$ cat query-v2.json   # JSON, C-alpha atoms
[["chain", "number", "residue", "atom", "x", "y", "z"],
["A", 157, "MET", "CA", 0.00, 0.00, 0.00],
["A", 158, "ILE", "CA", 1.44, 3.36, -0.98],
["A", 159, "GLN", "CA", 1.30, 6.36, 1.33],
["A", 160, "ILE", "CA", 0.99, 9.91, -0.02],
["A", 161, "SER", "CA", 1.89, 12.80, 2.29],
["A", 162, "THR", "CA", 0.78, 16.40, 1.89],
["A", 163, "LYS", "CA", 4.10, 17.47, 3.45],
["A", 164, "GLY", "CA", 6.18, 16.22, 0.56],
["A", 165, "LYS", "CA", 8.02, 12.94, 0.34],
["A", 166, "VAL", "CA", 10.78, 11.25, -1.65],
["A", 167, "ILE", "CA", 10.46, 7.70, -2.93],
["A", 168, "LEU", "CA", 13.79, 6.01, -3.71],
["A", 169, "ALA", "CA", 12.77, 3.19, -6.05],
["A", 170, "GLY", "CA", 14.41, 0.63, -8.32],
["A", 171, "ALA", "CA", 12.89, 0.23, -11.78],
["A", 172, "GLY", "CA", 14.54, -3.10, -12.57],
["A", 173, "PRO", "CA", 17.30, -4.01, -15.04],
["A", 174, "GLY", "CA", 15.87, -2.84, -18.38],
["A", 175, "ASP", "CA", 12.75, -4.80, -19.28],
["A", 176, "PRO", "CA", 9.94, -2.40, -18.27],
["A", 177, "ASP", "CA", 7.77, -5.34, -17.20],
["A", 178, "LEU", "CA", 10.22, -6.09, -14.37],
["A", 179, "ILE", "CA", 9.31, -3.04, -12.28],
["A", 180, "SER", "CA", 7.57, -3.85, -9.00],
["A", 181, "VAL", "CA", 3.88, -3.13, -8.55],
["A", 182, "LYS", "CA", 4.67, -0.73, -5.71],
["A", 183, "ALA", "CA", 7.18, 1.29, -7.73],
["A", 184, "LEU", "CA", 4.71, 1.38, -10.62],
["A", 185, "LYS", "CA", 1.98, 2.76, -8.36],
["A", 186, "TYR", "CA", 4.26, 5.54, -7.19],
["A", 187, "LEU", "CA", 5.24, 6.25, -10.80],
["A", 188, "GLN", "CA", 1.56, 6.77, -11.64],
["A", 189, "VAL", "CA", 1.00, 9.39, -8.91],
["A", 190, "ALA", "CA", 4.39, 11.13, -8.50],
["A", 191, "ASP", "CA", 4.50, 14.89, -9.05],
["A", 192, "VAL", "CA", 8.21, 14.89, -9.90],
["A", 193, "ILE", "CA", 10.23, 12.02, -11.36],
["A", 194, "LEU", "CA", 14.03, 12.08, -11.28],
["A", 195, "ILE", "CA", 15.03, 9.32, -13.65],
["A", 196, "ASP", "CA", 18.32, 7.54, -14.38],
["A", 197, "ARG", "CA", 19.50, 6.78, -17.91],
["A", 198, "LEU", "CA", 19.18, 3.00, -17.44],
["A", 199, "VAL", "CA", 15.45, 3.15, -16.71],
["A", 200, "SER", "CA", 13.31, 2.11, -19.68],
["A", 201, "PRO", "CA", 11.70, 5.23, -21.20],
["A", 202, "ILE", "CA", 8.59, 3.12, -21.80],
["A", 203, "LEU", "CA", 7.81, 3.32, -18.08],
["A", 204, "VAL", "CA", 7.60, 7.10, -18.05],
["A", 205, "ASP", "CA", 5.91, 7.34, -21.45],
["A", 206, "GLU", "CA", 3.14, 4.91, -20.53],
["A", 207, "TYR", "CA", 2.62, 5.29, -16.78],
["A", 208, "ALA", "CA", 3.68, 8.72, -15.51],
["A", 209, "LYS", "CA", 0.81, 11.17, -15.12],
["A", 210, "LYS", "CA", 0.70, 13.83, -17.84],
["A", 211, "GLU", "CA", 1.29, 16.77, -15.49],
["A", 212, "ALA", "CA", 4.31, 15.18, -13.78],
["A", 213, "THR", "CA", 7.66, 16.97, -14.03],
["A", 214, "ILE", "CA", 10.20, 14.60, -15.59],
["A", 215, "ILE", "CA", 13.89, 15.33, -15.01],
["A", 216, "TYR", "CA", 16.59, 13.11, -16.52],
["A", 217, "VAL", "CA", 19.52, 12.98, -14.11],
["A", 218, "GLY", "CA", 21.65, 10.07, -15.28],
["A", 219, "LYS", "CA", 25.27, 10.35, -16.33],
["A", 220, "GLN", "CA", 25.74, 9.85, -20.08],
["A", 221, "CYS", "CA", 21.98, 10.11, -20.35],
["A", 222, "SER", "CA", 20.40, 9.70, -23.78],
["A", 223, "LYS", "CA", 18.94, 13.18, -23.22],
["A", 224, "GLY", "CA", 22.45, 14.62, -23.17],
["A", 225, "ILE", "CA", 22.31, 15.68, -19.51],
["A", 226, "HIS", "CA", 25.16, 15.04, -17.07],
["A", 227, "THR", "CA", 23.84, 15.73, -13.60],
["A", 228, "PRO", "CA", 26.19, 15.71, -10.59],
["A", 229, "GLN", "CA", 24.98, 14.00, -7.44],
["A", 230, "SER", "CA", 24.90, 17.29, -5.53],
["A", 231, "GLU", "CA", 22.35, 18.66, -7.99],
["A", 232, "ILE", "CA", 20.18, 15.54, -7.68],
["A", 233, "ASN", "CA", 20.22, 15.98, -3.91],
["A", 234, "GLU", "CA", 19.18, 19.61, -4.26],
["A", 235, "LEU", "CA", 16.33, 18.74, -6.61],
["A", 236, "MET", "CA", 14.92, 16.15, -4.20],
["A", 237, "VAL", "CA", 14.99, 18.58, -1.27],
["A", 238, "GLU", "CA", 13.64, 21.49, -3.32],
["A", 239, "PHE", "CA", 10.58, 19.70, -4.69],
["A", 240, "ALA", "CA", 9.80, 17.74, -1.52],
["A", 241, "SER", "CA", 9.97, 21.01, 0.48],
["A", 242, "LEU", "CA", 7.25, 22.35, -1.83],
["A", 243, "GLY", "CA", 4.98, 19.48, -0.79],
["A", 244, "LYS", "CA", 5.60, 17.40, -3.91],
["A", 245, "LEU", "CA", 5.75, 13.62, -4.11],
["A", 246, "VAL", "CA", 9.19, 13.00, -5.64],
["A", 247, "LEU", "CA", 10.07, 9.67, -7.24],
["A", 248, "ARG", "CA", 13.81, 9.05, -7.56],
["A", 249, "LEU", "CA", 13.71, 6.20, -10.08],
["A", 250, "LYS", "CA", 16.92, 4.22, -10.52],
["A", 251, "GLY", "CA", 17.86, 1.39, -12.85],
["A", 252, "GLY", "CA", 18.11, -2.02, -11.19],
["A", 253, "ASP", "CA", 17.88, -1.98, -7.40],
["A", 254, "VAL", "CA", 17.97, 1.26, -5.48],
["A", 255, "SER", "CA", 20.67, 0.29, -2.96],
["A", 256, "LEU", "CA", 23.19, -1.79, -4.93],
["A", 257, "PHE", "CA", 26.07, 0.20, -6.46],
["A", 258, "SER", "CA", 24.15, 3.44, -6.44],
["A", 259, "ASN", "CA", 24.49, 6.78, -4.64],
["A", 260, "VAL", "CA", 21.65, 6.00, -2.27],
["A", 261, "LEU", "CA", 23.77, 6.76, 0.81],
["A", 262, "ASP", "CA", 24.32, 10.35, -0.33],
["A", 263, "GLU", "CA", 20.62, 10.72, -1.00],
["A", 264, "LEU", "CA", 19.57, 9.24, 2.33],
["A", 265, "GLN", "CA", 21.93, 11.51, 4.21],
["A", 266, "VAL", "CA", 20.63, 14.68, 2.57],
["A", 267, "LEU", "CA", 17.01, 13.64, 3.14],
["A", 268, "VAL", "CA", 17.64, 12.98, 6.83],
["A", 269, "GLU", "CA", 19.57, 16.23, 7.22],
["A", 270, "ASN", "CA", 16.64, 18.16, 5.74],
["A", 271, "GLN", "CA", 13.99, 16.13, 7.60],
["A", 272, "ILE", "CA", 12.38, 15.00, 4.36],
["A", 273, "PRO", "CA", 10.15, 11.89, 4.69],
["A", 274, "TYR", "CA", 11.26, 9.08, 2.41],
["A", 275, "GLU", "CA", 10.63, 5.48, 1.47],
["A", 276, "ILE", "CA", 12.87, 2.87, -0.16],
["A", 277, "VAL", "CA", 11.31, 0.54, -2.74],
["A", 278, "PRO", "CA", 13.61, -2.31, -3.89],
["A", 279, "GLY", "CA", 13.99, -3.35, -7.50],
["A", 280, "ILE", "CA", 15.33, -6.31, -9.45],
["A", 281, "SER", "CA", 19.07, -5.76, -9.72],
["A", 282, "ALA", "CA", 20.96, -6.13, -12.99],
["A", 283, "ALA", "CA", 22.67, -9.24, -11.61],
["A", 284, "PHE", "CA", 19.38, -11.06, -11.12],
["A", 285, "GLY", "CA", 18.03, -9.86, -14.45],
["A", 286, "ALA", "CA", 21.14, -10.92, -16.35],
["A", 287, "ALA", "CA", 21.27, -14.28, -14.59],
["A", 288, "ALA", "CA", 17.62, -15.02, -15.33],
["A", 289, "TYR", "CA", 17.72, -13.89, -18.96],
["A", 290, "THR", "CA", 20.88, -15.87, -19.72],
["A", 291, "GLY", "CA", 19.90, -19.07, -17.92],
["A", 292, "ILE", "CA", 22.81, -18.77, -15.48],
["A", 293, "PRO", "CA", 21.73, -19.59, -11.90],
["A", 294, "LEU", "CA", 23.89, -17.55, -9.55],
["A", 295, "THR", "CA", 24.05, -20.42, -7.08],
["A", 296, "ALA", "CA", 23.51, -24.09, -7.86],
["A", 297, "ARG", "CA", 24.20, -27.36, -6.09],
["A", 298, "SER", "CA", 27.66, -28.73, -7.03],
["A", 299, "TYR", "CA", 28.50, -25.48, -8.88],
["A", 300, "SER", "CA", 28.40, -22.62, -6.39],
["A", 301, "ARG", "CA", 27.08, -22.13, -2.86],
["A", 302, "GLY", "CA", 27.60, -18.37, -2.74],
["A", 303, "VAL", "CA", 27.56, -15.22, -4.84],
["A", 304, "ARG", "CA", 29.43, -11.92, -4.51],
["A", 305, "PHE", "CA", 28.51, -8.56, -6.05],
["A", 306, "LEU", "CA", 31.64, -6.62, -6.91],
["A", 307, "THR", "CA", 33.03, -3.79, -9.02],
["A", 308, "LEU", "CA", 36.39, -2.95, -10.56],
["A", 309, "TYR", "CA", 35.50, 0.73, -10.73],
["A", 310, "ASP", "CA", 38.36, 1.55, -8.34],
["A", 311, "LEU", "CA", 40.87, -0.84, -9.86],
["A", 312, "LYS", "CA", 43.98, 0.66, -8.25],
["A", 313, "ASN", "CA", 42.81, -0.43, -4.79],
["A", 314, "VAL", "CA", 42.43, -4.11, -5.69],
["A", 315, "THR", "CA", 45.32, -5.94, -3.98],
["A", 316, "HIS", "CA", 47.16, -9.07, -5.10],
["A", 317, "GLU", "CA", 45.57, -10.88, -2.14],
["A", 318, "GLN", "CA", 42.14, -9.89, -3.42],
["A", 319, "TRP", "CA", 42.89, -11.12, -6.93],
["A", 320, "ARG", "CA", 44.09, -14.45, -5.49],
["A", 321, "ASN", "CA", 40.92, -14.76, -3.42],
["A", 322, "TRP", "CA", 38.66, -14.00, -6.36],
["A", 323, "SER", "CA", 40.58, -16.39, -8.60],
["A", 324, "SER", "CA", 40.38, -19.30, -6.16],
["A", 325, "THR", "CA", 36.88, -18.95, -4.72],
["A", 326, "GLU", "CA", 34.05, -21.29, -5.66],
["A", 327, "ASP", "CA", 31.56, -18.43, -5.24],
["A", 328, "THR", "CA", 29.96, -16.89, -8.30],
["A", 329, "LEU", "CA", 31.36, -13.40, -8.89],
["A", 330, "VAL", "CA", 29.27, -10.68, -10.51],
["A", 331, "PHE", "CA", 31.11, -7.52, -11.53],
["A", 332, "TYR", "CA", 29.18, -4.30, -12.04],
["A", 333, "MET", "CA", 30.55, -1.26, -13.90],
["A", 334, "SER", "CA", 33.57, -3.28, -15.01],
["A", 335, "GLY", "CA", 33.15, -3.74, -18.75],
["A", 336, "GLN", "CA", 36.10, -1.49, -19.52],
["A", 337, "ARG", "CA", 38.24, -3.55, -17.10],
["A", 338, "LEU", "CA", 37.48, -6.86, -18.79],
["A", 339, "ASN", "CA", 40.96, -7.53, -20.19],
["A", 340, "THR", "CA", 42.55, -6.69, -16.84],
["A", 341, "LEU", "CA", 40.15, -9.03, -15.06],
["A", 342, "VAL", "CA", 40.96, -11.92, -17.41],
["A", 343, "ASN", "CA", 44.72, -11.35, -17.22],
["A", 344, "GLN", "CA", 44.72, -11.10, -13.42],
["A", 345, "PHE", "CA", 42.55, -14.19, -12.97],
["A", 346, "ILE", "CA", 44.84, -16.25, -15.19],
["A", 347, "LEU", "CA", 47.94, -14.83, -13.47],
["A", 348, "HIS", "CA", 46.53, -15.79, -10.06],
["A", 349, "GLY", "CA", 45.69, -19.37, -10.99],
["A", 350, "VAL", "CA", 41.99, -19.37, -11.79],
["A", 351, "GLU", "CA", 40.52, -22.82, -12.48],
["A", 352, "LYS", "CA", 40.72, -23.12, -16.25],
["A", 353, "ASN", "CA", 37.26, -24.66, -16.70],
["A", 354, "LYS", "CA", 35.52, -21.76, -15.00],
["A", 355, "GLY", "CA", 33.32, -19.69, -17.24],
["A", 356, "LEU", "CA", 33.13, -15.97, -17.91],
["A", 357, "ALA", "CA", 29.93, -14.44, -19.25],
["A", 358, "VAL", "CA", 29.86, -10.94, -20.72],
["A", 359, "VAL", "CA", 26.23, -9.79, -20.66],
["A", 360, "GLN", "CA", 25.42, -6.51, -22.35],
["A", 361, "GLN", "CA", 22.14, -4.58, -21.99],
["A", 362, "ALA", "CA", 20.58, -7.43, -20.02],
["A", 363, "THR", "CA", 16.81, -8.08, -20.27],
["A", 364, "THR", "CA", 16.37, -5.64, -23.18],
["A", 365, "PRO", "CA", 15.77, -6.47, -26.86],
["A", 366, "GLU", "CA", 19.44, -5.51, -27.41],
["A", 367, "GLN", "CA", 20.75, -8.08, -24.93],
["A", 368, "LYS", "CA", 23.94, -9.77, -26.11],
["A", 369, "THR", "CA", 25.73, -12.55, -24.25],
["A", 370, "GLN", "CA", 29.14, -14.05, -24.95],
["A", 371, "VAL", "CA", 30.55, -16.91, -22.89],
["A", 372, "PHE", "CA", 34.17, -17.96, -22.51],
["A", 373, "GLN", "CA", 36.26, -20.42, -20.52],
["A", 374, "PHE", "CA", 39.57, -19.39, -19.03],
["A", 375, "THR", "CA", 41.28, -22.36, -20.70],
["A", 376, "ASP", "CA", 40.52, -20.69, -24.05],
["A", 377, "LEU", "CA", 41.38, -17.21, -22.81],
["A", 378, "GLU", "CA", 44.92, -18.35, -22.00],
["A", 379, "LYS", "CA", 45.53, -18.83, -25.71],
["A", 380, "LYS", "CA", 43.34, -16.25, -27.41],
["A", 381, "SER", "CA", 42.49, -12.61, -26.93],
["A", 382, "LEU", "CA", 39.04, -11.36, -26.12],
["A", 383, "PRO", "CA", 37.06, -9.76, -28.95],
["A", 384, "SER", "CA", 36.34, -6.07, -28.71],
["A", 385, "PHE", "CA", 33.12, -5.00, -27.00],
["A", 386, "GLU", "CA", 31.14, -1.83, -27.54],
["A", 387, "TYR", "CA", 30.73, 0.42, -24.50],
["A", 388, "VAL", "CA", 27.21, -0.27, -23.28],
["A", 389, "PRO", "CA", 25.86, -1.36, -19.87],
["A", 390, "THR", "CA", 27.76, -4.59, -19.24],
["A", 391, "LEU", "CA", 27.75, -7.16, -16.47],
["A", 392, "LEU", "CA", 30.49, -9.78, -15.98],
["A", 393, "ILE", "CA", 29.71, -13.16, -14.38],
["A", 394, "VAL", "CA", 32.56, -15.47, -13.37],
["A", 395, "GLY", "CA", 32.18, -19.00, -12.03],
["A", 396, "ASN", "CA", 31.32, -22.60, -12.75],
["A", 397, "VAL", "CA", 27.63, -21.70, -13.05],
["A", 398, "VAL", "CA", 28.40, -19.86, -16.30],
["A", 399, "ASN", "CA", 28.91, -23.27, -17.93],
["A", 400, "LEU", "CA", 25.17, -23.92, -17.47],
["A", 401, "HIS", "CA", 24.28, -21.11, -19.86],
["A", 402, "HIS", "CA", 24.20, -23.16, -23.05],
["A", 403, "GLU", "CA", 21.90, -25.73, -21.46],
["A", 404, "PHE", "CA", 19.38, -23.37, -19.90],
["A", 405, "SER", "CA", 19.40, -20.13, -21.90],
["A", 406, "TRP", "CA", 15.86, -19.34, -23.06],
["A", 407, "PHE", "CA", 15.81, -15.66, -24.04],
["A", 408, "LYS", "CA", 16.10, -15.22, -27.79],
["A", 409, "GLU", "CA", 18.75, -12.63, -28.53],
["A", 410, "GLN", "CA", 18.96, -10.83, -31.87],
["A", 411, "ASN", "CA", 22.30, -12.49, -32.53],
["A", 412, "GLU", "CA", 21.96, -16.02, -31.20],
["A", 413, "THR", "CA", 24.20, -16.44, -28.17],
["A", 414, "THR", "CA", 27.21, -18.68, -28.67],
["A", 415, "SER", "CA", 30.73, -18.88, -27.43],
["A", 416, "TYR", "CA", 33.12, -16.58, -29.27],
["A", 417, "PHE", "CA", 35.56, -19.43, -29.63],
["A", 418, "ASP", "CA", 32.85, -21.76, -30.96],
["A", 419, "ASN", "CA", 32.14, -19.16, -33.65],
["A", 420, "HIS", "CA", 35.85, -18.88, -34.35],
["A", 421, "LYS", "CA", 36.17, -22.64, -34.80],
["A", 422, "THR", "CA", 33.15, -22.72, -37.13],
["A", 423, "LEU", "CA", 34.63, -20.01, -39.32],
["A", 424, "LEU", "CA", 37.89, -21.89, -39.55],
["A", 425, "GLN", "CA", 36.16, -25.15, -40.44],
["A", 426, "ASN", "CA", 34.12, -23.45, -43.16],
["A", 427, "ALA", "CA", 37.28, -21.92, -44.57],
["A", 428, "ILE", "CA", 39.11, -25.24, -44.87]]
$ encode --input "query-v2.json" --output "structure tokens"
Amino acid sequence: MIQISTKGKVILAGAGPGDPDLISVKALKYLQVADVILIDRLVSPILVDEYAKKEATIIYVGKQCSKGIHTPQSEINELMVEFASLGKLVLRLKGGDVSLFSNVLDELQVLVENQIPYEIVPGISAAFGAAAYTGIPLTARSYSRGVRFLTLYDLKNVTHEQWRNWSSTEDTLVFYMSGQRLNTLVNQFILHGVEKNKGLAVVQQATTPEQKTQVFQFTDLEKKSLPSFEYVPTLLIVGNVVNLHHEFSWFKEQNETTSYFDNHKTLLQNAI
């Protein structure tokens, strides 16, 4: 049940990983009644186009936003406080989940400091969306009993001990915001003795019609270089569970998902 206050309120909500149908019912209800919507670039525009009320103020605040706006966090904080202080219901709509690898701490602190009522509405994170839409269970009996959500955003602070731990663990590792660090990840894992049969999945634009998945094994990556990847929202999944992808993938991608090295072998065979 949603609660609307005449004093102004901020709703911090996750919109899910890309597929507009994956938003929660609660977040959707707030979207339909919000006076002001501050929206990230990874939120499907279909949600606002179809469900926001016509008189709502829509402000795009994502970095590298398709609208060409680059909004610093300090300005987002100011917008929330400004509109909520005017008695508005403000929806801060984020891609994925609201509290995983986002600036929610900054936003919570400024709301508390200004005594602005708020509510947190969880969303389906990109990791869960990518895992579901690629048929890769994040944990599975005999494959992995744990999962870690990580990022290589601050690469210089990753120690050799951390690389060794990541390379040796049986947990599934999911790396956010690390697409540009892919080659470093592969090289460091091999250098630190990763099990060669472990899989690596590169999932781009998960749960959208543009989703593209490529799967590798480290035994192949020791001998061959990774192909180039375009810079789009990318999630990296490392672990034995990745090897289940070919058996359980169900989502039809525009370019049918196969291993890069399988494609390479097919091209060579056709050429002979």
$ residues_around --input "query-v2.json" --residues "stretch 375-385 of chain A" --least-positions-apart "3" --cutoff "10 Å" --atoms "all atoms listed in the file" --output "list in words"
Gly335, Gln336, Leu338, Asn339, Val342, Asn343, Ile346, Leu347, Val350, Glu351, Lys352, Asn353, Lys354, Gly355, Leu356, Val358, Gln360, Gln370, Phe372, Val388, Thr390, Tyr416 and Phe417 of chain A
$ closest_residue --input "query-v2.json" --among "A:Glu317, A:Asp175, A:Gly164, A:His348" --to "A:Ile272" --atoms "all atoms listed in the file"
A:Gly164
$ closest_residue --input "query-v2.json" --among "A:Val394, A:Val268, A:Ala286, A:Val237" --to "A:Leu306" --atoms "all atoms listed in the file"
A:Val394
$ closest_residue --input "query-v2.json" --among "A:Lys209, A:Arg297, A:Arg337, A:Arg248" --to "A:Leu235" --atoms "all atoms listed in the file"
A:Arg248
$ closest_residue --input "query-v2.json" --among "A:Thr213, A:Gln265, A:Ser200, A:Asn399" --to "A:Phe239" --atoms "only C-alpha atoms"
A:Thr213
$ residues_around --input "query-v2.json" --residues "A:Pro278" --least-positions-apart "6" --cutoff "7 Å" --atoms "only C-alpha atoms" --output "list of chain:residue names"
A:Ala169, A:Gly170, A:Asp253, A:Val254
$ atom_distance --input "query-v2.json" --atom1 "atom CA of A:Val260" --atom2 "atom CA of A:Val166"
12.1 Å
$ residues_near_point --input "query-v2.json" --point "(39.9, -18.4, -10.3)" --cutoff "7 Å" --atoms "all atoms listed in the file" --output "list of chain:residue names"
A:Trp322, A:Ser323, A:Ser324, A:Thr325, A:Phe345, A:Gly349, A:Val350, A:Glu351
$ closest_residue --input "query-v2.json" --among "A:Glu409, A:Glu403, A:Asp310, A:Asp196" --to "A:Leu247" --atoms "all atoms listed in the file"
A:Asp196
$ residues_near_point --input "query-v2.json" --point "(15.9, 6.0, 3.3)" --cutoff "10 Å" --atoms "all atoms listed in the file" --output "list of chain:residue names"
A:Val166, A:Ile167, A:Leu168, A:Ser255, A:Val260, A:Leu261, A:Glu263, A:Leu264, A:Gln265, A:Val266, A:Leu267, A:Val268, A:Ile272, A:Pro273, A:Tyr274, A:Glu275, A:Ile276, A:Val277
$ write_last_selection --input "query-v2.json" --atoms "C-alpha atoms" --output "PDB file, in the coordinates of the input"
ATOM      1  CA  VAL A 166      10.780  11.250  -1.650  1.00  0.00           C
ATOM      2  CA  ILE A 167      10.460   7.700  -2.930  1.00  0.00           C
ATOM      3  CA  LEU A 168      13.790   6.010  -3.710  1.00  0.00           C
ATOM      4  CA  SER A 255      20.670   0.290  -2.960  1.00  0.00           C
ATOM      5  CA  VAL A 260      21.650   6.000  -2.270  1.00  0.00           C
ATOM      6  CA  LEU A 261      23.770   6.760   0.810  1.00  0.00           C
ATOM      7  CA  GLU A 263      20.620  10.720  -1.000  1.00  0.00           C
ATOM      8  CA  LEU A 264      19.570   9.240   2.330  1.00  0.00           C
ATOM      9  CA  GLN A 265      21.930  11.510   4.210  1.00  0.00           C
ATOM     10  CA  VAL A 266      20.630  14.680   2.570  1.00  0.00           C
ATOM     11  CA  LEU A 267      17.010  13.640   3.140  1.00  0.00           C
ATOM     12  CA  VAL A 268      17.640  12.980   6.830  1.00  0.00           C
ATOM     13  CA  ILE A 272      12.380  15.000   4.360  1.00  0.00           C
ATOM     14  CA  PRO A 273      10.150  11.890   4.690  1.00  0.00           C
ATOM     15  CA  TYR A 274      11.260   9.080   2.410  1.00  0.00           C
ATOM     16  CA  GLU A 275      10.630   5.480   1.470  1.00  0.00           C
ATOM     17  CA  ILE A 276      12.870   2.870  -0.160  1.00  0.00           C
ATOM     18  CA  VAL A 277      11.310   0.540  -2.740  1.00  0.00           C
TER      19      VAL A 277
END
$ atom_distance --input "query-v2.json" --atom1 "atom CA of A:His316" --atom2 "atom CA of A:Thr295"
25.8 Å
$ closest_residue --input "query-v2.json" --among "A:Leu178, A:Ile280, A:Val330, A:Ile292" --to "A:Val397" --atoms "only C-alpha atoms"
A:Ile292
$ atom_distance --input "query-v2.json" --atom1 "atom CA of A:Ala362" --atom2 "atom CA of A:Pro293"
14.7 Å
$ residues_around --input "query-v2.json" --residues "A:Leu329" --least-positions-apart "3" --cutoff "7 Å" --atoms "all atoms listed in the file" --output "ChimeraX atom specification"
/A:303-305,393-395
